[in-house]
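Okay, target_29.tsv now, which holds TSV, C-alpha atoms and all ligand atoms:
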```
chain	number	residue	atom	x	y	z
D	58	MET	CA	82.10	92.63	113.11
D	59	SER	CA	79.23	91.76	110.79
D	60	ALA	CA	77.13	94.36	109.01
D	61	ASN	CA	74.32	93.90	111.55
D	62	ASP	CA	76.16	94.82	114.72
D	63	ARG	CA	77.81	97.99	113.52
D	64	PRO	CA	76.90	101.12	115.50
D	65	THR	CA	74.39	103.36	113.75
D	66	GLY	CA	75.98	105.84	111.36
D	67	GLN	CA	78.50	103.22	110.22
D	68	PRO	CA	78.23	102.04	106.63
D	69	THR	CA	76.33	98.78	106.15
D	70	ALA	CA	77.45	98.16	102.56
D	71	PRO	CA	80.71	98.80	100.67
D	72	HIS	CA	78.87	101.37	98.54
D	73	ASP	CA	78.51	103.66	101.59
D	74	SER	CA	82.12	103.26	102.77
D	75	ALA	CA	84.47	106.23	103.08
D	76	PHE	CA	86.74	104.59	100.51
D	77	LEU	CA	84.15	104.36	97.73
D	78	LYS	CA	82.76	107.78	98.60
D	79	ALA	CA	86.23	109.29	98.20
D	80	CYS	CA	86.67	107.46	94.87
D	81	ARG	CA	83.41	109.07	93.75
D	82	ARG	CA	84.57	112.45	95.13
D	83	GLU	CA	81.68	112.61	97.58
D	84	PRO	CA	81.99	114.02	101.12
D	85	VAL	CA	83.56	111.53	103.57
D	86	PRO	CA	83.40	111.09	107.38
D	87	HIS	CA	87.21	110.74	107.39
D	88	THR	CA	89.96	110.36	104.79
D	89	PRO	CA	90.05	106.64	103.89
D	90	VAL	CA	93.36	104.77	104.12
D	91	TRP	CA	94.71	101.57	102.63
D	92	PHE	CA	98.24	100.51	101.71
D	93	MET	CA	99.59	99.07	98.50
D	94	ARG	CA	101.13	95.68	99.40
D	95	GLN	CA	99.37	95.71	102.78
D	96	ALA	CA	98.68	91.98	102.47
D	97	GLY	CA	101.79	89.95	103.10
D	98	ARG	CA	105.15	91.60	103.39
D	99	SER	CA	105.60	92.96	106.90
D	100	LEU	CA	103.09	90.86	108.86
D	101	PRO	CA	104.31	87.98	111.06
D	102	GLU	CA	100.90	86.30	110.76
D	103	TYR	CA	101.42	86.37	106.95
D	104	ARG	CA	104.84	84.73	107.15
D	105	LYS	CA	103.35	82.07	109.42
D	106	VAL	CA	100.51	81.01	107.08
D	107	ARG	CA	102.82	81.16	104.02
D	108	GLU	CA	105.44	78.86	105.57
D	109	GLY	CA	106.40	76.15	103.07
D	110	ILE	CA	103.97	77.37	100.40
D	111	ALA	CA	105.33	78.95	97.22
D	112	MET	CA	103.97	82.41	96.39
D	113	LEU	CA	102.09	81.40	93.23
D	114	ASP	CA	100.67	78.27	94.89
D	115	SER	CA	99.35	80.41	97.73
D	116	CYS	CA	97.45	82.56	95.19
D	117	MET	CA	95.50	79.49	94.04
D	118	ARG	CA	94.15	78.48	97.47
D	119	PRO	CA	90.89	80.37	98.17
D	120	GLU	CA	90.90	79.89	101.98
D	121	LEU	CA	94.52	81.02	102.24
D	122	VAL	CA	93.91	84.02	99.94
D	123	THR	CA	90.95	84.98	102.12
D	124	GLU	CA	92.98	84.74	105.34
D	125	ILE	CA	95.91	86.78	103.95
D	126	THR	CA	93.61	89.44	102.47
D	127	MET	CA	91.82	89.80	105.83
D	128	GLN	CA	94.97	90.05	107.97
D	129	PRO	CA	95.74	93.77	107.39
D	130	VAL	CA	92.04	94.66	107.66
D	131	ARG	CA	91.83	93.04	111.11
D	132	ARG	CA	95.16	94.36	112.32
D	133	HIS	CA	95.27	97.93	110.99
D	134	GLY	CA	91.59	98.83	110.49
D	135	VAL	CA	92.27	99.99	106.93
D	136	ASP	CA	89.29	101.27	104.92
D	137	ALA	CA	89.67	98.72	102.09
D	138	ALA	CA	91.07	95.26	101.51
D	139	ILE	CA	93.21	94.44	98.50
D	140	TYR	CA	92.84	91.00	97.00
D	141	PHE	CA	95.90	88.84	97.70
D	142	SER	CA	97.39	87.77	94.37
D	143	ASP	CA	100.09	89.02	92.04
D	144	ILE	CA	100.18	90.83	88.70
D	145	VAL	CA	101.64	87.73	87.00
D	146	VAL	CA	98.86	85.34	88.14
D	147	PRO	CA	96.78	85.74	84.93
D	148	LEU	CA	99.89	85.06	82.82
D	149	LYS	CA	100.61	81.90	84.80
D	150	ALA	CA	96.93	80.96	84.42
D	151	ILE	CA	97.13	80.99	80.61
D	152	GLY	CA	100.19	78.77	80.68
D	153	ILE	CA	103.20	81.12	80.62
D	154	ASP	CA	106.08	79.34	82.33
D	155	LEU	CA	106.96	81.77	85.11
D	156	ASP	CA	107.69	81.74	88.80
D	157	ILE	CA	107.99	84.30	91.60
D	158	LYS	CA	111.44	83.97	93.14
D	159	PRO	CA	111.61	85.15	96.78
D	160	GLY	CA	113.48	88.44	97.08
D	161	VAL	CA	113.70	88.73	93.26
D	162	GLY	CA	110.21	88.87	91.80
D	163	PRO	CA	108.62	87.33	88.70
D	164	VAL	CA	110.96	85.34	86.43
D	165	VAL	CA	109.83	84.15	82.98
D	166	GLU	CA	111.45	80.97	81.65
D	167	GLN	CA	111.23	81.92	77.96
D	168	PRO	CA	110.91	85.68	77.35
D	169	ILE	CA	108.47	86.97	74.72
D	170	ARG	CA	110.37	88.83	71.99
D	171	THR	CA	109.15	87.66	68.56
D	172	ARG	CA	105.90	87.55	66.64
D	173	ALA	CA	105.82	83.76	67.03
D	174	ASP	CA	105.99	84.23	70.82
D	175	LEU	CA	102.68	86.16	70.76
D	176	ALA	CA	100.79	82.93	70.11
D	177	ARG	CA	101.63	81.91	73.69
D	178	LEU	CA	99.39	84.72	74.98
D	179	ARG	CA	95.89	83.31	74.66
D	180	ASP	CA	92.77	84.91	76.17
D	181	LEU	CA	91.99	84.31	79.83
D	182	THR	CA	88.71	82.58	80.72
D	183	PRO	CA	87.02	82.66	84.16
D	184	GLU	CA	87.72	78.91	84.43
D	185	ASP	CA	91.47	79.62	84.22
D	186	VAL	CA	91.18	81.53	87.50
D	187	TRP	CA	88.31	79.68	89.23
D	188	TYR	CA	90.11	80.18	92.55
D	189	VAL	CA	89.76	83.98	92.22
D	190	THR	CA	85.97	83.75	91.90
D	191	GLU	CA	85.82	81.35	94.83
D	192	ALA	CA	88.12	83.44	97.07
D	193	ILE	CA	86.24	86.68	96.34
D	194	GLY	CA	82.97	84.96	97.25
D	195	LEU	CA	84.45	83.99	100.63
D	196	LEU	CA	85.99	87.42	101.08
D	197	THR	CA	82.96	89.60	100.40
D	198	ALA	CA	81.00	87.52	102.93
D	199	GLU	CA	83.66	88.10	105.57
D	200	LEU	CA	84.36	91.75	104.72
D	201	GLY	CA	80.77	92.97	105.12
D	202	ALA	CA	80.80	96.74	104.56
D	203	THR	CA	84.57	96.93	103.92
D	204	PRO	CA	85.23	97.23	100.18
D	205	LEU	CA	87.50	94.81	98.32
D	206	ILE	CA	89.91	96.19	95.70
D	207	GLY	CA	90.68	93.89	92.80
D	208	PHE	CA	93.79	94.55	90.72
D	209	ALA	CA	95.86	93.69	87.69
D	210	GLY	CA	99.16	94.67	86.15
D	211	ALA	CA	98.89	97.14	83.27
D	212	PRO	CA	100.03	96.05	79.78
D	213	PHE	CA	103.35	97.95	79.89
D	214	THR	CA	104.44	96.58	83.27
D	215	LEU	CA	103.41	93.02	82.32
D	216	ALA	CA	105.23	93.38	78.99
D	217	SER	CA	108.33	94.49	80.84
D	218	TYR	CA	108.45	91.20	82.82
D	219	LEU	CA	107.62	89.11	79.74
D	220	VAL	CA	110.15	90.75	77.42
D	221	GLU	CA	113.00	91.10	79.93
D	222	GLY	CA	112.35	87.66	81.43
D	223	GLY	CA	112.41	89.14	84.93
D	224	PRO	CA	112.78	92.36	86.92
D	225	SER	CA	114.81	95.03	85.19
D	226	ARG	CA	116.33	98.36	86.11
D	227	ASN	CA	116.57	99.89	82.63
D	228	HIS	CA	113.95	97.91	80.65
D	229	GLU	CA	116.37	97.77	77.71
D	230	HIS	CA	114.86	94.76	75.90
D	231	THR	CA	111.39	96.17	76.42
D	232	LYS	CA	112.35	99.55	74.96
D	233	ALA	CA	114.30	97.90	72.13
D	234	LEU	CA	111.10	96.13	71.09
D	235	MET	CA	108.93	99.21	71.59
D	236	TYR	CA	111.17	101.42	69.42
D	237	GLY	CA	112.45	98.73	67.06
D	238	ASP	CA	109.23	96.94	66.11
D	239	PRO	CA	106.29	99.24	66.95
D	240	GLU	CA	103.80	96.93	65.23
D	241	LEU	CA	104.78	93.86	67.21
D	242	TRP	CA	104.89	95.99	70.36
D	243	ALA	CA	101.36	97.30	69.75
D	244	ASP	CA	100.09	93.76	69.15
D	245	LEU	CA	101.79	92.51	72.31
D	246	LEU	CA	100.24	95.27	74.42
D	247	ASP	CA	96.86	94.71	72.82
D	248	ARG	CA	97.00	90.98	73.71
D	249	LEU	CA	97.96	91.89	77.28
D	250	ALA	CA	95.12	94.42	77.45
D	251	ASP	CA	92.60	91.66	76.65
D	252	ILE	CA	94.08	89.32	79.26
D	253	THR	CA	94.18	92.08	81.87
D	254	ALA	CA	90.61	93.17	81.12
D	255	GLY	CA	89.50	89.53	81.43
D	256	PHE	CA	91.21	89.22	84.81
D	257	LEU	CA	89.61	92.42	86.13
D	258	LYS	CA	86.16	91.35	84.90
D	259	VAL	CA	86.41	88.08	86.82
D	260	GLN	CA	87.21	90.02	90.01
D	261	ILE	CA	84.43	92.58	89.54
D	262	GLU	CA	81.84	89.95	88.66
D	263	ALA	CA	82.83	87.99	91.76
D	264	GLY	CA	82.27	91.08	93.95
D	265	ALA	CA	85.27	93.45	93.93
D	266	SER	CA	84.09	97.03	94.68
D	267	ALA	CA	86.94	98.82	92.88
D	268	VAL	CA	89.93	97.88	90.75
D	269	GLN	CA	93.49	99.17	90.60
D	270	LEU	CA	95.58	98.89	87.46
D	271	PHE	CA	99.26	98.82	88.49
D	272	ASP	CA	101.58	100.27	85.85
D	273	SER	CA	104.42	100.19	88.34
D	274	TRP	CA	107.33	100.68	85.93
D	275	VAL	CA	105.79	102.98	83.29
D	276	GLY	CA	107.54	105.98	84.89
D	277	ALA	CA	110.56	104.82	82.83
D	278	LEU	CA	108.90	106.43	79.76
D	279	ALA	CA	108.65	109.99	78.48
D	280	PRO	CA	105.11	111.35	77.98
D	281	ALA	CA	105.24	111.21	74.15
D	282	ASP	CA	106.22	107.53	74.24
D	283	TYR	CA	103.55	106.79	76.84
D	284	ARG	CA	100.89	108.45	74.69
D	285	ARG	CA	101.96	106.66	71.51
D	286	SER	CA	102.98	103.22	72.74
D	287	VAL	CA	101.19	102.52	76.04
D	288	MET	CA	98.06	104.61	76.41
D	289	PRO	CA	95.99	102.79	73.73
D	290	ALA	CA	96.36	99.47	75.58
D	291	SER	CA	95.72	100.90	79.05
D	292	ARG	CA	92.70	102.74	77.68
D	293	LYS	CA	91.39	99.47	76.23
D	294	VAL	CA	91.55	97.89	79.70
D	295	PHE	CA	89.72	100.78	81.38
D	296	GLU	CA	87.05	100.88	78.68
D	297	ALA	CA	86.45	97.15	78.95
D	298	VAL	CA	85.40	97.52	82.61
D	299	ALA	CA	83.75	100.96	82.39
D	300	GLY	CA	80.25	99.48	82.20
D	301	TYR	CA	80.45	97.96	85.69
D	302	GLY	CA	80.52	101.40	87.30
D	303	VAL	CA	83.18	100.43	89.86
D	304	PRO	CA	85.95	103.00	90.45
D	305	ARG	CA	89.09	102.40	88.40
D	306	ILE	CA	92.37	103.39	90.07
D	307	HIS	CA	95.63	103.78	88.14
D	308	PHE	CA	99.10	103.92	89.69
D	309	GLY	CA	102.75	103.86	88.68
D	310	VAL	CA	106.04	104.81	90.35
D	311	GLY	CA	107.84	107.99	89.24
D	312	THR	CA	104.95	109.07	87.04
D	313	GLY	CA	104.89	112.78	87.90
D	314	GLU	CA	105.19	113.68	84.21
D	315	LEU	CA	102.55	111.11	83.16
D	316	LEU	CA	99.76	111.79	85.65
D	317	GLY	CA	97.57	113.73	83.21
D	318	LEU	CA	97.87	111.03	80.56
D	319	MET	CA	97.21	108.24	83.06
D	320	GLY	CA	93.95	109.95	83.98
D	321	GLU	CA	93.15	110.45	80.32
D	322	ALA	CA	93.62	106.70	79.77
D	323	GLY	CA	90.37	106.25	81.68
D	324	ALA	CA	91.06	106.17	85.42
D	325	ASP	CA	88.62	107.60	87.97
D	326	VAL	CA	91.35	107.79	90.63
D	327	VAL	CA	95.04	108.40	89.93
D	328	GLY	CA	97.73	107.43	92.43
D	329	ALA	CA	100.95	109.40	92.84
D	330	ASP	CA	104.24	108.52	94.50
D	331	TRP	CA	105.98	110.78	97.06
D	332	ARG	CA	108.06	112.71	94.52
D	333	ILE	CA	105.22	115.13	93.84
D	334	PRO	CA	102.94	116.90	96.35
D	335	LEU	CA	99.28	115.93	96.00
D	336	ASP	CA	98.02	119.43	95.21
D	337	GLU	CA	100.40	119.56	92.23
D	338	ALA	CA	99.54	115.95	91.31
D	339	SER	CA	95.86	116.84	91.32
D	340	ARG	CA	96.50	119.90	89.15
D	341	ARG	CA	98.26	117.68	86.60
D	342	ILE	CA	95.58	114.97	86.73
D	343	GLY	CA	92.91	117.57	86.11
D	344	PRO	CA	89.33	117.97	87.34
D	345	GLY	CA	86.85	115.15	87.79
D	346	LYS	CA	89.29	112.60	89.23
D	347	ALA	CA	90.18	111.59	92.77
D	348	VAL	CA	93.79	111.35	93.96
D	349	GLN	CA	95.50	108.56	95.91
D	350	GLY	CA	98.72	108.72	97.89
D	351	ASN	CA	101.41	109.48	98.82
D	352	LEU	CA	103.52	109.02	101.95
D	353	ASP	CA	107.03	107.73	101.17
D	354	PRO	CA	107.01	104.12	102.51
D	355	ALA	CA	110.55	104.65	103.85
D	356	VAL	CA	109.24	107.38	106.19
D	357	LEU	CA	107.72	104.58	108.32
D	358	PHE	CA	111.24	103.68	109.45
D	359	ALA	CA	111.60	107.11	111.15
D	360	PRO	CA	110.50	107.83	114.75
D	361	THR	CA	106.72	108.19	115.33
D	362	GLU	CA	106.85	111.98	115.63
D	363	ALA	CA	108.63	112.27	112.27
D	364	VAL	CA	106.03	109.99	110.66
D	365	ARG	CA	103.29	112.19	112.11
D	366	ALA	CA	104.93	115.30	110.66
D	367	LYS	CA	105.28	113.79	107.17
D	368	THR	CA	101.68	112.50	107.37
D	369	GLY	CA	100.60	116.05	108.19
D	370	GLU	CA	102.37	117.31	105.06
D	371	VAL	CA	100.51	114.81	102.87
D	372	LEU	CA	97.16	115.71	104.46
D	373	GLN	CA	97.85	119.41	104.10
D	374	ALA	CA	98.71	119.09	100.39
D	375	ALA	CA	95.46	117.13	99.93
D	376	GLU	CA	93.31	119.63	101.83
D	377	GLY	CA	90.44	120.92	99.73
D	378	LEU	CA	90.92	118.31	97.00
D	379	GLU	CA	87.75	116.58	95.88
D	380	GLY	CA	88.41	112.93	96.70
D	381	HIS	CA	91.60	111.92	98.51
D	382	ILE	CA	92.45	108.35	99.40
D	383	PHE	CA	95.45	108.17	101.72
D	384	ASN	CA	98.04	105.58	100.71
D	385	LEU	CA	101.78	105.17	100.56
D	386	GLY	CA	103.63	106.41	97.48
D	387	HIS	CA	104.49	102.76	96.68
D	388	GLY	CA	104.12	99.40	98.43
D	389	VAL	CA	104.81	98.64	102.09
D	390	LEU	CA	108.50	97.77	102.43
D	391	PRO	CA	109.12	94.23	103.75
D	392	ASP	CA	110.86	95.29	107.00
D	393	THR	CA	108.24	97.86	108.01
D	394	ASP	CA	107.12	97.68	111.66
D	395	PRO	CA	103.43	96.65	111.43
D	396	ASP	CA	102.64	98.86	114.46
D	397	ALA	CA	103.81	101.90	112.50
D	398	LEU	CA	101.14	101.10	109.89
D	399	THR	CA	98.43	100.68	112.54
D	400	ARG	CA	99.41	104.03	114.10
D	401	LEU	CA	99.34	105.69	110.68
D	402	VAL	CA	95.78	104.53	109.96
D	403	GLU	CA	94.64	105.83	113.33
D	404	ASP	CA	96.47	109.11	112.87
D	405	VAL	CA	94.91	109.81	109.45
D	406	HIS	CA	91.44	108.87	110.72
D	407	THR	CA	91.68	111.11	113.81
D	408	ARG	CA	93.16	114.09	112.03
D	409	THR	CA	90.59	114.06	109.23
D	410	ALA	CA	87.44	113.15	111.24
D	411	ARG	CA	84.62	115.46	110.17
G	1	LIG	C1	105.38	95.04	90.15
G	1	LIG	C2	104.42	94.18	90.93
G	1	LIG	C3	104.54	92.80	91.19
G	1	LIG	N1	103.44	92.42	91.93
G	1	LIG	C4	102.63	93.50	92.16
G	1	LIG	C5	103.20	94.60	91.50
G	1	LIG	C6	102.60	95.98	91.44
G	1	LIG	C7	102.75	96.69	92.74
G	1	LIG	C8	104.10	97.28	92.99
G	1	LIG	O1	104.54	98.11	92.18
G	1	LIG	O2	104.68	96.93	94.00
G	1	LIG	C9	101.33	93.58	92.84
G	1	LIG	C10	101.09	92.75	94.04
G	1	LIG	N2	101.81	91.68	94.50
G	1	LIG	C11	101.22	91.19	95.64
G	1	LIG	C12	100.05	91.95	95.88
G	1	LIG	C13	99.10	91.56	96.98
G	1	LIG	C14	98.18	92.48	97.53
G	1	LIG	C15	98.81	93.61	98.32
G	1	LIG	O3	99.15	93.41	99.48
G	1	LIG	O4	98.92	94.73	97.79
G	1	LIG	C16	99.98	92.94	94.90
G	1	LIG	C17	98.97	94.05	94.70
G	1	LIG	C18	101.69	90.05	96.46
G	1	LIG	C19	103.12	89.69	96.42
G	1	LIG	N3	103.93	89.59	95.32
G	1	LIG	C20	105.17	89.18	95.69
G	1	LIG	C21	105.18	88.99	97.09
G	1	LIG	C22	106.39	88.53	97.90
G	1	LIG	C23	106.62	87.07	97.71
G	1	LIG	C24	106.55	86.29	98.97
G	1	LIG	O5	106.01	86.75	100.01
G	1	LIG	O6	107.02	85.14	98.90
G	1	LIG	C25	103.89	89.29	97.56
G	1	LIG	C26	103.36	89.21	98.96
G	1	LIG	C27	106.31	88.94	94.77
G	1	LIG	C28	106.55	90.00	93.78
G	1	LIG	N4	105.79	90.20	92.66
G	1	LIG	C29	106.27	91.30	91.98
G	1	LIG	C30	107.37	91.80	92.69
G	1	LIG	C31	108.21	92.99	92.28
G	1	LIG	C32	107.54	90.99	93.83
G	1	LIG	C33	108.50	91.20	94.98
G	1	LIG	C34	109.71	90.36	94.98
G	1	LIG	C35	110.22	90.34	96.40
G	1	LIG	O7	110.61	91.40	96.91
G	1	LIG	O8	110.19	89.26	96.99
G	1	LIG	C36	105.63	91.88	90.77
```
Kindly return the structure encoded in the file as structure tokens.
Ligand SMILES: Cc1c2[nH]c(c1CCC(=O)O)Cc1[nH]c(c(CCC(=O)O)c1C)Cc1[nH]c(c(CCC(=O)O)c1C)Cc1[nH]c(c(C)c1CCC(=O)O)C2
Amino acid sequence: MSANDRPTGQPTAPHDSAFLKACRREPVPHTPVWFMRQAGRSLPEYRKVREGIAMLDSCMRPELVTEITMQPVRRHGVDAAIYFSDIVVPLKAIGIDLDIKPGVGPVVEQPIRTRADLARLRDLTPEDVWYVTEAIGLLTAELGATPLIGFAGAPFTLASYLVEGGPSRNHEHTKALMYGDPELWADLLDRLADITAGFLKVQIEAGASAVQLFDSWVGALAPADYRRSVMPASRKVFEAVAGYGVPRIHFGVGTGELLGLMGEAGADVVGADWRIPLDEASRRIGPGKAVQGNLDPAVLFAPTEAVRAKTGEVLQAAEGLEGHIFNLGHGVLPDTDPDALTRLVEDVHTRTAR
């Protein structure tokens, strides 16, 4: 549906959408919903268009990126699209030798662990990611009034992949560097902050209506370490894009003890996983910030009535909060039944219609 043939009362521009209103903590017609990792993963139409194309190659094809980004919007009627890419795309774009291995995740050929290695992290230019600008141009035309969320990986989570050389349960090399050589660590995170800020700027300038900074694995840290060793770099990223006036969302898994600091780093919206109820999350985040979350993605494997009950618990905990964006507490799991996601969007919309 194009902007022109929407029924009256429907938003005609992303600015008036329920999603951006909730980010700004304004009254909304219904609680907006989108899902982390909604593009790709569980959709058969995604698997079909990705057949024979490697993950990172698919991120560099504007028409394909547009199609994959649109798929969950068409199918589920979510309130926002998230740009189809990956957190390691900007690192690949500046020449880091990495790949995304199916079922594993990002793998870095030569990990970054010494001062000499830092020289491999040069600044990102818009030309490095020309395909992002092109894809977002195509997408905003097709999305009409539906907002597009741009995203990037936060310095800590990117550093974890670069230092470990791949996914890690305990982040031992990362922590060894952080505690063992604080100066090198700070310089590494500062470099990554510049690259990340550059990647977000490209997306906003091309037309993204909001950005999410994923610090997926930062919940591995205690608050004092987060404040000392991570917050300065994350803050640098948020400050670099503050002038655009687009909402800045921040999310990590298992960050119940870090929510206040993650807001303090400069986010307008803070996401929480399912381990903490949203009223308590909001109390920790403090006033003046919207909250995003937080249905356990595994709940979608339960019968419909059980999903409805758990959805009700999330909505109840969020009742009365200024600015709630409904989401899962982490990404859509690969084997999720797509119909369960469609039903969830409808359920949240109906139950919160005002
Ligand atoms: C930590 C992280 C990564 N990538 C991302 C994060 C932060 C979000 C989170 O915490 O889940 C972010 C990401 N990755 C992808 C998106 C696309 C947009 C969306 O749907 O949200 C987004 C927002 C596509 C992808 N990124 C990846 C896939 C799967 C690869 C494929 O389909 O071939 C997709 C669709 C690969 C990837 N890339 C990464 C992982 C852990 C994996 C999964 C490995 C696997 O299970 O196969 C790193």
Kindly give the distance, in Å, that separates CA of Ala267 in chain D and CA of Pro304 in chain D, rounded to a single decimal.
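We find that CA of Ala267 in chain D and CA of Pro304 in chain D lie 4.9 Å from each other.
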Would you mind listing what lies within 10 Å of Tyr103 in chain D as a ChimeraX atom specification, with only C-alpha atoms counted and same-chain residues fewer than 4 positions away left out?
/D:96-99,107-108,121,124-126,128-129
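Interatomic distance, CA of Ala374 in chain D against CA of Glu337 in chain D: 8.3 Å.
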Quick one: everything within 8 Å of range 272-274 of chain D, counting only C-alpha atoms, minus sequence neighbours fewer than 3 positions away in the same chain. Send it as a compact mmCIF listing (two decimals) with C-alpha atoms, in the coordinates of the input.
```txt
# COMPACT_ATOMS: atom_id res chain seq x y z
CA GLY D 210 99.16 94.67 86.15
CA ALA D 211 98.89 97.14 83.27
CA PRO D 212 100.03 96.05 79.78
CA PHE D 213 103.35 97.95 79.89
CA THR D 214 104.44 96.58 83.27
CA ALA D 277 110.56 104.82 82.83
CA HIS D 307 95.63 103.78 88.14
CA PHE D 308 99.10 103.92 89.69
CA GLY D 309 102.75 103.86 88.68
CA VAL D 310 106.04 104.81 90.35
```
So which residues are near ligand LIG 1 (chain G), meaning at most 8 Å away with only C-alpha atoms and all ligand atoms counted, given back as number ranges by chain?
D: 92-98, 104, 107, 111-112, 126, 139-145, 157-163, 208-210, 214, 224, 271-274, 309-310, 387-388, 391
Output C-alpha atoms for every residue in the selection just made, as a short mmCIF file (atom, residue, chain, number, x, y, z; two decimals), in the frame of the given file.
```cif
data_model
loop_
_atom_site.label_atom_id
_atom_site.label_comp_id
_atom_site.auth_asym_id
_atom_site.auth_seq_id
_atom_site.Cartn_x
_atom_site.Cartn_y
_atom_site.Cartn_z
CA PHE D 92 98.24 100.51 101.71
CA MET D 93 99.59 99.07 98.50
CA ARG D 94 101.13 95.68 99.40
CA GLN D 95 99.37 95.71 102.78
CA ALA D 96 98.68 91.98 102.47
CA GLY D 97 101.79 89.95 103.10
CA ARG D 98 105.15 91.60 103.39
CA ARG D 104 104.84 84.73 107.15
CA ARG D 107 102.82 81.16 104.02
CA ALA D 111 105.33 78.95 97.22
CA MET D 112 103.97 82.41 96.39
CA THR D 126 93.61 89.44 102.47
CA ILE D 139 93.21 94.44 98.50
CA TYR D 140 92.84 91.00 97.00
CA PHE D 141 95.90 88.84 97.70
CA SER D 142 97.39 87.77 94.37
CA ASP D 143 100.09 89.02 92.04
CA ILE D 144 100.18 90.83 88.70
CA VAL D 145 101.64 87.73 87.00
CA ILE D 157 107.99 84.30 91.60
CA LYS D 158 111.44 83.97 93.14
CA PRO D 159 111.61 85.15 96.78
CA GLY D 160 113.48 88.44 97.08
CA VAL D 161 113.70 88.73 93.26
CA GLY D 162 110.21 88.87 91.80
CA PRO D 163 108.62 87.33 88.70
CA PHE D 208 93.79 94.55 90.72
CA ALA D 209 95.86 93.69 87.69
CA GLY D 210 99.16 94.67 86.15
CA THR D 214 104.44 96.58 83.27
CA PRO D 224 112.78 92.36 86.92
CA PHE D 271 99.26 98.82 88.49
CA ASP D 272 101.58 100.27 85.85
CA SER D 273 104.42 100.19 88.34
CA TRP D 274 107.33 100.68 85.93
CA GLY D 309 102.75 103.86 88.68
CA VAL D 310 106.04 104.81 90.35
CA HIS D 387 104.49 102.76 96.68
CA GLY D 388 104.12 99.40 98.43
CA PRO D 391 109.12 94.23 103.75
#
```
Nearest to Gly194 in chain D by atom-to-atom distance, counting all atoms listed in the file, from D:Ser339, D:Leu249, D:Pro119, D:Arg132
D:Pro119
Counting only C-alpha atoms, the residue of D:Ala397, D:Gly222, D:His72, D:Ala250 that sits nearest Gly264 in chain D:
D:His72
Would you fill the gaps in range 168-181 of chain D so it has N, CA and C atoms, then print it as a PDB file, in the frame of the given file?
```
ATOM      1  N   PRO D 168     111.435  84.325  77.597  1.00  0.00           N
ATOM      2  CA  PRO D 168     110.910  85.680  77.350  1.00  0.00           C
ATOM      3  C   PRO D 168     110.138  85.752  76.023  1.00  0.00           C
ATOM      4  N   ILE D 169     109.268  86.762  75.934  1.00  0.00           N
ATOM      5  CA  ILE D 169     108.470  86.970  74.720  1.00  0.00           C
ATOM      6  C   ILE D 169     109.103  88.109  73.927  1.00  0.00           C
ATOM      7  N   ARG D 170     109.657  87.791  72.752  1.00  0.00           N
ATOM      8  CA  ARG D 170     110.370  88.830  71.990  1.00  0.00           C
ATOM      9  C   ARG D 170     110.097  88.798  70.490  1.00  0.00           C
ATOM     10  N   THR D 171     109.391  87.762  69.995  1.00  0.00           N
ATOM     11  CA  THR D 171     109.150  87.660  68.560  1.00  0.00           C
ATOM     12  C   THR D 171     107.654  87.527  68.287  1.00  0.00           C
ATOM     13  N   ARG D 172     107.294  87.699  67.018  1.00  0.00           N
ATOM     14  CA  ARG D 172     105.900  87.550  66.640  1.00  0.00           C
ATOM     15  C   ARG D 172     105.391  86.140  66.950  1.00  0.00           C
ATOM     16  N   ALA D 173     106.228  85.142  66.735  1.00  0.00           N
ATOM     17  CA  ALA D 173     105.820  83.760  67.030  1.00  0.00           C
ATOM     18  C   ALA D 173     105.503  83.596  68.519  1.00  0.00           C
ATOM     19  N   ASP D 174     106.215  84.334  69.371  1.00  0.00           N
ATOM     20  CA  ASP D 174     105.990  84.230  70.820  1.00  0.00           C
ATOM     21  C   ASP D 174     104.589  84.687  71.225  1.00  0.00           C
ATOM     22  N   LEU D 175     104.004  85.600  70.421  1.00  0.00           N
ATOM     23  CA  LEU D 175     102.680  86.160  70.760  1.00  0.00           C
ATOM     24  C   LEU D 175     101.621  85.078  70.887  1.00  0.00           C
ATOM     25  N   ALA D 176     101.792  84.003  70.109  1.00  0.00           N
ATOM     26  CA  ALA D 176     100.790  82.930  70.110  1.00  0.00           C
ATOM     27  C   ALA D 176     100.670  82.285  71.489  1.00  0.00           C
ATOM     28  N   ARG D 177     101.689  82.485  72.332  1.00  0.00           N
ATOM     29  CA  ARG D 177     101.630  81.910  73.690  1.00  0.00           C
ATOM     30  C   ARG D 177     100.692  82.690  74.602  1.00  0.00           C
ATOM     31  N   LEU D 178     100.262  83.882  74.142  1.00  0.00           N
ATOM     32  CA  LEU D 178      99.390  84.720  74.980  1.00  0.00           C
ATOM     33  C   LEU D 178      97.934  84.571  74.569  1.00  0.00           C
ATOM     34  N   ARG D 179      97.292  83.500  75.014  1.00  0.00           N
ATOM     35  CA  ARG D 179      95.890  83.310  74.660  1.00  0.00           C
ATOM     36  C   ARG D 179      94.996  84.049  75.653  1.00  0.00           C
ATOM     37  N   ASP D 180      93.713  84.215  75.291  1.00  0.00           N
ATOM     38  CA  ASP D 180      92.770  84.910  76.170  1.00  0.00           C
ATOM     39  C   ASP D 180      92.575  84.148  77.482  1.00  0.00           C
ATOM     40  N   LEU D 181      92.260  84.894  78.514  1.00  0.00           N
ATOM     41  CA  LEU D 181      91.990  84.310  79.830  1.00  0.00           C
ATOM     42  C   LEU D 181      90.491  84.040  79.964  1.00  0.00           C
TER      43      LEU D 181
END
```
